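Pasting final_11.cif here (mmCIF, C-alpha atoms):
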data_query
#
loop_
_atom_site.label_atom_id
_atom_site.label_comp_id
_atom_site.auth_asym_id
_atom_site.auth_seq_id
_atom_site.Cartn_x
_atom_site.Cartn_y
_atom_site.Cartn_z
CA MET A 1 194.67 191.65 42.63
CA SER A 2 197.98 191.88 44.55
CA GLU A 3 198.98 189.51 47.30
CA HIS A 4 198.87 192.44 49.73
CA ALA A 5 195.26 193.21 48.83
CA LYS A 6 194.25 189.58 49.22
CA MET A 7 195.72 189.46 52.74
CA MET A 8 194.08 192.68 53.96
CA PRO A 9 191.21 192.01 56.44
CA ARG A 10 187.79 193.15 55.50
CA SER A 11 186.44 196.24 57.21
CA PRO A 12 184.01 195.37 60.03
CA GLY A 13 181.57 197.86 58.59
CA GLY A 14 181.80 196.49 55.08
CA PRO A 15 179.04 194.56 53.34
CA SER A 16 178.69 190.97 54.52
CA PRO A 17 178.05 188.21 52.03
CA SER A 18 174.35 187.55 51.47
CA PRO A 19 173.07 184.25 52.91
CA ARG A 20 172.52 181.46 50.47
CA LYS A 21 168.97 180.55 49.74
CA PRO A 22 168.44 176.91 50.63
CA VAL A 23 168.09 174.71 47.61
CA ASP A 24 164.74 172.92 47.30
CA THR A 25 166.17 169.41 47.31
CA ALA A 26 165.35 168.33 50.86
CA CYS A 27 162.89 165.58 51.55
CA CYS A 28 160.42 168.16 52.87
CA GLY A 29 161.01 170.81 50.22
CA ALA A 30 158.11 172.39 48.35
CA SER A 31 159.00 170.70 45.04
CA PHE A 32 159.25 167.28 46.67
CA LEU A 33 155.94 167.77 48.47
CA ALA A 34 154.31 168.93 45.23
CA GLU A 35 155.47 165.81 43.37
CA PHE A 36 154.34 163.59 46.22
CA PHE A 37 151.03 165.47 46.30
CA HIS A 38 150.38 164.66 42.64
CA MET A 39 150.98 160.95 43.30
CA PHE A 40 148.64 161.06 46.27
CA ASN A 41 146.03 162.92 44.24
CA LEU A 42 146.03 160.12 41.67
CA VAL A 43 145.39 157.54 44.40
CA PHE A 44 142.76 159.85 45.88
CA LEU A 45 141.02 160.17 42.51
CA LEU A 46 140.99 156.40 41.95
CA GLY A 47 139.56 155.90 45.43
CA GLY A 48 136.90 158.50 44.70
CA LEU A 49 135.92 156.77 41.48
CA ALA A 50 135.57 153.54 43.46
CA VAL A 51 133.32 155.32 45.98
CA LEU A 52 131.25 156.82 43.17
CA GLY A 53 130.99 153.43 41.45
CA VAL A 54 129.75 151.67 44.58
CA GLY A 55 127.24 154.44 45.25
CA VAL A 56 125.86 154.41 41.70
CA TRP A 57 125.78 150.60 41.63
CA THR A 58 123.80 150.52 44.87
CA ILE A 59 121.36 153.17 43.64
CA SER A 60 120.78 151.51 40.27
CA ASP A 61 120.66 147.85 41.32
CA HIS A 62 119.71 147.68 44.99
CA LEU A 63 117.46 150.61 45.86
CA ALA A 64 114.51 148.97 44.11
CA TYR A 65 113.62 147.39 47.46
CA ALA A 66 114.03 150.60 49.50
CA PRO A 67 110.20 151.21 49.48
CA LEU A 68 109.86 148.02 51.54
CA LEU A 69 111.91 149.52 54.38
CA SER A 70 110.38 151.73 57.04
CA THR A 71 113.43 154.02 57.25
CA VAL A 72 115.46 155.85 54.61
CA THR A 73 118.87 155.00 56.13
CA TYR A 74 119.78 152.51 53.40
CA ALA A 75 118.91 154.91 50.57
CA GLU A 76 120.66 157.80 52.31
CA CYS A 77 123.88 155.80 52.66
CA ALA A 78 123.91 155.04 48.94
CA TRP A 79 123.17 158.61 47.86
CA VAL A 80 125.66 160.20 50.28
CA LEU A 81 128.38 157.82 49.10
CA ALA A 82 127.68 158.74 45.46
CA ILE A 83 127.81 162.46 46.34
CA ALA A 84 131.11 161.92 48.15
CA GLY A 85 132.49 160.26 45.02
CA VAL A 86 131.53 163.24 42.86
CA LEU A 87 133.13 165.60 45.40
CA VAL A 88 136.34 163.56 45.25
CA VAL A 89 136.63 164.07 41.50
CA LEU A 90 136.07 167.83 41.80
CA THR A 91 138.43 168.09 44.77
CA ALA A 92 141.21 166.21 42.98
CA VAL A 93 141.03 168.67 40.09
CA LEU A 94 141.07 171.61 42.52
CA GLY A 95 144.12 170.20 44.27
CA CYS A 96 146.07 169.74 41.04
CA VAL A 97 145.33 173.31 39.96
CA GLY A 98 146.26 174.64 43.41
CA VAL A 99 149.65 172.90 43.43
CA TRP A 100 150.39 173.73 39.80
CA ARG A 101 149.74 177.43 40.45
CA ARG A 102 151.12 177.22 44.01
CA ASN A 103 147.95 178.93 45.15
CA ARG A 104 147.49 178.72 48.91
CA CYS A 105 143.80 179.65 48.78
CA LEU A 106 143.03 176.72 46.49
CA LEU A 107 145.04 174.41 48.75
CA LEU A 108 143.10 175.64 51.74
CA GLY A 109 139.82 174.97 49.92
CA TYR A 110 141.15 171.54 48.97
CA THR A 111 141.85 170.76 52.62
CA PHE A 112 138.36 171.77 53.74
CA LEU A 113 136.79 169.68 50.98
CA LEU A 114 138.88 166.72 52.11
CA LEU A 115 137.51 167.21 55.61
CA LEU A 116 133.95 167.29 54.24
CA ILE A 117 134.50 164.12 52.19
CA PHE A 118 136.05 162.41 55.21
CA LEU A 119 133.01 163.25 57.33
CA LEU A 120 130.59 162.04 54.64
CA GLU A 121 132.38 158.73 54.09
CA ALA A 122 132.88 158.10 57.79
CA MET A 123 129.20 158.85 58.41
CA VAL A 124 128.16 156.37 55.71
CA GLY A 125 130.48 153.72 57.15
CA VAL A 126 129.18 154.09 60.70
CA LEU A 127 125.52 154.27 59.65
CA ALA A 128 125.85 151.23 57.40
CA TYR A 129 127.33 149.06 60.15
CA VAL A 130 124.85 150.27 62.77
CA TYR A 131 121.89 149.77 60.45
CA LYS A 132 123.17 146.31 59.50
CA GLU A 133 122.61 145.24 63.11
CA ASN A 134 119.08 146.70 63.20
CA VAL A 135 117.73 145.82 59.76
CA GLU A 136 116.55 142.34 60.82
CA THR A 137 114.34 143.82 63.55
CA GLU A 138 112.94 146.39 61.13
CA LEU A 139 112.08 143.77 58.52
CA ALA A 140 110.56 141.43 61.11
CA VAL A 141 108.24 144.19 62.30
CA ASN A 142 107.30 145.84 59.00
CA LEU A 143 107.82 143.54 56.01
CA ASN A 144 104.78 141.37 56.63
CA ARG A 145 102.57 144.43 57.13
CA THR A 146 103.88 145.91 53.89
CA PHE A 147 102.91 142.77 51.97
CA MET A 148 99.52 142.51 53.63
CA ASP A 149 98.42 146.15 53.58
CA PHE A 150 100.12 147.85 50.66
CA TYR A 151 100.31 145.36 47.80
CA SER A 152 98.02 146.61 45.00
CA VAL A 153 97.42 149.77 47.09
CA ASP A 154 100.81 151.53 46.91
CA ALA A 155 102.33 151.46 43.41
CA ALA A 156 105.99 151.74 44.52
CA LYS A 157 105.63 148.99 47.13
CA THR A 158 103.69 146.79 44.72
CA GLN A 159 106.40 147.10 42.08
CA ALA A 160 109.12 146.34 44.65
CA ILE A 161 107.29 143.25 45.92
CA ASP A 162 106.68 141.91 42.41
CA ARG A 163 110.33 142.42 41.48
CA MET A 164 111.53 140.74 44.66
CA GLN A 165 109.26 137.70 44.26
CA ARG A 166 110.42 137.24 40.68
CA GLU A 167 114.12 137.81 41.38
CA TYR A 168 114.39 135.85 44.63
CA LYS A 169 111.94 133.11 43.61
CA CYS A 170 109.88 133.57 46.78
CA CYS A 171 106.24 134.20 47.66
CA GLY A 172 104.99 136.33 50.54
CA ALA A 173 106.99 137.79 53.40
CA GLN A 174 107.29 134.61 55.49
CA THR A 175 105.09 132.20 53.55
CA TYR A 176 102.77 132.17 50.54
CA GLU A 177 99.75 131.52 52.81
CA GLU A 178 99.87 135.15 54.03
CA TRP A 179 98.34 136.30 50.74
CA ARG A 180 94.99 134.82 51.81
CA LEU A 181 94.59 137.57 54.43
CA SER A 182 96.02 140.44 52.41
CA ALA A 183 94.37 143.59 51.14
CA TRP A 184 95.14 142.37 47.64
CA MET A 185 92.97 139.27 48.20
CA LYS A 186 90.04 141.52 49.12
CA SER A 187 90.56 144.04 46.34
CA ALA A 188 87.97 144.32 43.58
CA SER A 189 90.62 144.52 40.85
CA ARG A 190 92.03 141.08 41.65
CA ASP A 191 91.20 138.19 39.38
CA LYS A 192 89.00 136.12 41.68
CA ARG A 193 90.65 132.93 40.48
CA SER A 194 94.09 134.03 41.76
CA LYS A 195 95.34 132.70 45.07
CA VAL A 196 98.70 134.48 44.90
CA PRO A 197 100.03 137.30 42.71
CA ASN A 198 101.35 136.23 39.34
CA SER A 199 104.84 137.38 40.36
CA CYS A 200 104.97 134.36 42.68
CA CYS A 201 104.79 131.94 39.78
CA LYS A 202 107.88 130.03 38.78
CA THR A 203 106.78 130.58 35.19
CA GLU A 204 104.35 133.43 34.56
CA THR A 205 102.24 131.77 31.91
CA SER A 206 98.50 131.23 31.81
CA SER A 207 96.78 127.97 31.00
CA SER A 208 93.16 127.70 29.85
CA GLY A 209 92.79 131.43 30.29
CA ALA A 210 93.36 131.25 34.07
CA PRO A 211 96.10 133.39 35.66
CA CYS A 212 99.21 131.48 36.71
CA GLY A 213 98.56 132.58 40.31
CA ALA A 214 95.38 130.48 40.37
CA SER A 215 97.40 127.53 41.65
CA ASP A 216 99.46 127.58 44.83
CA HIS A 217 100.83 124.08 44.32
CA PRO A 218 104.61 123.71 44.97
CA SER A 219 105.09 122.85 41.31
CA ASN A 220 103.76 126.30 40.38
CA ILE A 221 105.01 128.64 43.13
CA PRO A 222 107.79 128.57 45.74
CA HIS A 223 106.49 128.08 49.27
CA THR A 224 109.32 130.02 50.91
CA GLY A 225 108.90 133.67 51.87
CA CYS A 226 111.14 136.56 50.87
CA PHE A 227 112.18 137.69 54.36
CA HIS A 228 115.46 135.80 54.76
CA ARG A 229 116.67 136.39 51.22
CA LEU A 230 116.00 140.14 51.42
CA LEU A 231 117.69 140.31 54.83
CA GLU A 232 120.76 138.52 53.45
CA GLU A 233 121.01 140.87 50.47
CA LEU A 234 120.60 144.01 52.58
CA ARG A 235 123.23 142.91 55.07
CA ARG A 236 125.69 142.09 52.31
CA GLN A 237 125.17 145.45 50.63
CA LEU A 238 125.43 147.35 53.92
CA GLU A 239 128.75 145.61 54.59
CA VAL A 240 130.02 146.85 51.22
CA LEU A 241 128.85 150.41 51.90
CA GLY A 242 130.38 150.38 55.38
CA ALA A 243 133.72 148.95 54.24
CA VAL A 244 134.03 151.43 51.36
CA GLY A 245 132.98 154.40 53.50
CA LEU A 246 135.27 153.72 56.46
CA GLY A 247 138.11 152.20 54.47
CA LEU A 248 138.54 155.01 51.95
CA SER A 249 137.98 157.78 54.51
CA VAL A 250 141.52 157.02 55.75
CA ILE A 251 142.88 158.43 52.47
CA GLN A 252 141.36 161.80 53.29
CA VAL A 253 143.19 161.96 56.65
CA PHE A 254 146.53 161.47 54.94
CA GLY A 255 145.58 164.00 52.26
CA MET A 256 144.72 166.65 54.83
CA LEU A 257 148.10 166.23 56.51
CA LEU A 258 149.91 166.44 53.17
CA SER A 259 148.00 169.50 51.96
CA CYS A 260 148.57 171.29 55.28
CA ALA A 261 152.32 170.61 55.05
CA LEU A 262 152.42 171.92 51.49
CA TYR A 263 150.37 174.99 52.47
CA ILE A 264 152.83 175.81 55.27
CA LYS A 265 155.80 175.31 52.95
CA LEU A 266 154.30 177.63 50.29
CA ARG A 267 153.52 180.24 52.92
CA GLY A 268 157.15 180.11 54.01
CA LEU A 269 158.28 180.69 50.43
CA VAL A 270 156.02 183.70 50.03
CA ASP A 271 157.18 185.14 53.37
CA GLY A 272 160.82 184.65 52.38
CA VAL A 273 161.65 181.99 54.93
CA GLY A 274 163.13 179.67 52.40
CA ASP A 275 162.34 177.01 49.93
#

Render the structure in this file as structure tokens.
Amino acid sequence: MSEHAKMMPRSPGGPSPSPRKPVDTACCGASFLAEFFHMFNLVFLLGGLAVLGVGVWTISDHLAYAPLLSTVTYAECAWVLAIAGVLVVLTAVLGCVGVWRRNRCLLLGYTFLLLLIFLLEAMVGVLAYVYKENVETELAVNLNRTFMDFYSVDAAKTQAIDRMQREYKCCGAQTYEEWRLSAWMKSASRDKRSKVPNSCCKTETSSSGAPCGASDHPSNIPHTGCFHRLLEELRRQLEVLGAVGLGLSVIQVFGMLLSCALYIKLRGLVDGVGD
């Protein structure tokens, strides 16, 4: 091209150079957000597995005494937390697929599931801490009546009481003497030589054919009731449920903000705003 041609001004009506498409290297670019999203999703998944583990652990090891409670709040907290943990695993997979395919519909579904998980975990946390303050009153009102009226009558309550007396090394709700006025003491199926259920015995062995519960001597049975030990265990477990529920629900808030930002960025790419 000649020097004269180089120096000639462009015609005002001529084609203007097309604008450069911004390169996706900024700190808020779609690629950066996608990479950050994957790192968050890993943390989110690990947190969900922790939630699921606590829920399953509570259900398998601590709900045996739920029949002794007059409300279902404790059992509901454990089951809801386990369900939230399962939802976390499914949601993490959905989020990874949504980002990999850059699918805005999947990201939108991911955000709504995060909101649902947040509500479930926050609900468990609040209920656990509120119930922790009320469980002592509930046990004081109902535990003694459960021992007196339902042992040997209700199979689930009987099994829970026997397990508790064996595990906690206790006898009766407040004291072993309560068994003298219980429905079990008056039942026809009871061995008339027994003064307390065999589950009270420090060692459940029979001597001379008599049941071990035939003796209520301190050498044979504990004279402390189960009330305080059960209360301590319930409070400790409710603290764990509350801390896990409220603590890990914060992750969902951050995830919702991140997924919304990525959704907006992907919508801008589709609409041609820029990368």

TODO: Just give me the gap between atom CA of Leu262 of chain A and atom CA of Ala34 of chain A in Å, one decimal is fine.
DONE: 7.2 Å

TODO: Counting all atoms listed in the file, find the residues whose atoms lie at most 12 Å from (146.3, 163.3, 55.9) (file coordinates) and write them out as a PyMOL selection string.
DONE: chain A and resi 37+40-41+44+110-112+114-115+118+249-262

- [ ] List the residues selected by the PyMOL selection byres ((chain A and resi 107) around 7) in the file shown, writing them as number ranges by chain.
- [x] A: 95, 98, 103-106, 108-111, 259, 263

- [ ] Pick out the closest residue to Arg163 of chain A from this set: A:Val86, A:Ala243, A:Ala75, A:Leu68. Count only C-alpha atoms.
- [x]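 Of all the options, A:Leu68 lies closest to Arg163 of chain A.
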
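Applied to the file shown here, the PyMOL selection byres ((chain A and resi 242) around 9) selects the residues Cys77, Glu121, Ala122, Val124, Gly125, Val126, Leu127, Ala128, Tyr129, Gln237, Leu238, Glu239, Val240, Leu241, Ala243, Val244, Gly245, Leu246 and Gly247 of chain A.
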
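Between Leu143 of chain A and the candidates A:His228, A:His38, A:Arg190, A:His62, the tightest atom-to-atom separation, counting only C-alpha atoms, involves A:His228.
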
- [ ] Show which residues sit within 7 Å of segment 149-157 of chain A, as a list in words. Count only C-alpha atoms, and ignore same-chain residues fewer than 6 positions away.
- [x]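 Surrounding residues, per the criterion: Pro67, Leu68, Ser182, Ala183 and Trp184 of chain A.
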
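Atom to atom, atom CA of Arg236 of chain A and atom CA of His223 of chain A stand 24.0 Å apart.
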
Open item on the list: Calculated over only C-alpha atoms, which of the candidates A:Asn198, A:Ser70, A:Thr91, A:Ser187 has the smallest distance to Glu136 of chain A?
Closed with: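 Looking at the shortest contact to Glu136 of chain A, the residue is A:Ser70.
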
- [ ] Could you tell me which of A:Asp216, A:Asp61, A:Glu177, A:Asp162 comes closest to Leu234 of chain A if we count only C-alpha atoms?
- [x]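 The answer is A:Asp61, which sits nearest to Leu234 of chain A.
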
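The space separating atom CA of Phe147 of chain A from atom CA of Ser189 of chain A comes to 16.7 Å.
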
Task: Selected residue, from A:Lys169, A:Arg180, A:Lys195, A:Arg235, that lies nearest to Tyr74 of chain A when counting all atoms listed in the file - done: A:Arg235

Open item on the list: I'd like the contact shell of Leu46 of chain A - 10 Å cut-off, all atoms listed in the file, skipping same-chain residues fewer than 5 positions apart - returned as a list in words.
Closed with: Phe40, Asn41, Val51, Leu52, Gly85, Val88, Val89 and Ala92 of chain A

Task: Pick from A:Ile221, A:Ala64, A:Leu49, A:Val56 nearest to Thr158 of chain A, counting all atoms listed in the file - done: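 The closest residue to Thr158 of chain A is A:Ala64.
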
- [ ] Give as a list in words the residues that the PyMOL selection byres ((chain A and resi 175) around 8) matches when applied to the coordinates above.
- [x]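 Those residues are Cys171, Gly172, Ala173, Gln174, Tyr176, Glu177, Glu178, His223, Thr224, Gly225 and Cys226 of chain A.
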
Task: Spatial neighbours of Ser215 of chain A, max dist 9 Å, all atoms listed in the file, sep filter under 5 positions, as JSON, numbers by chain - done: {"A": [193, 194, 195, 196, 201, 220, 221]}
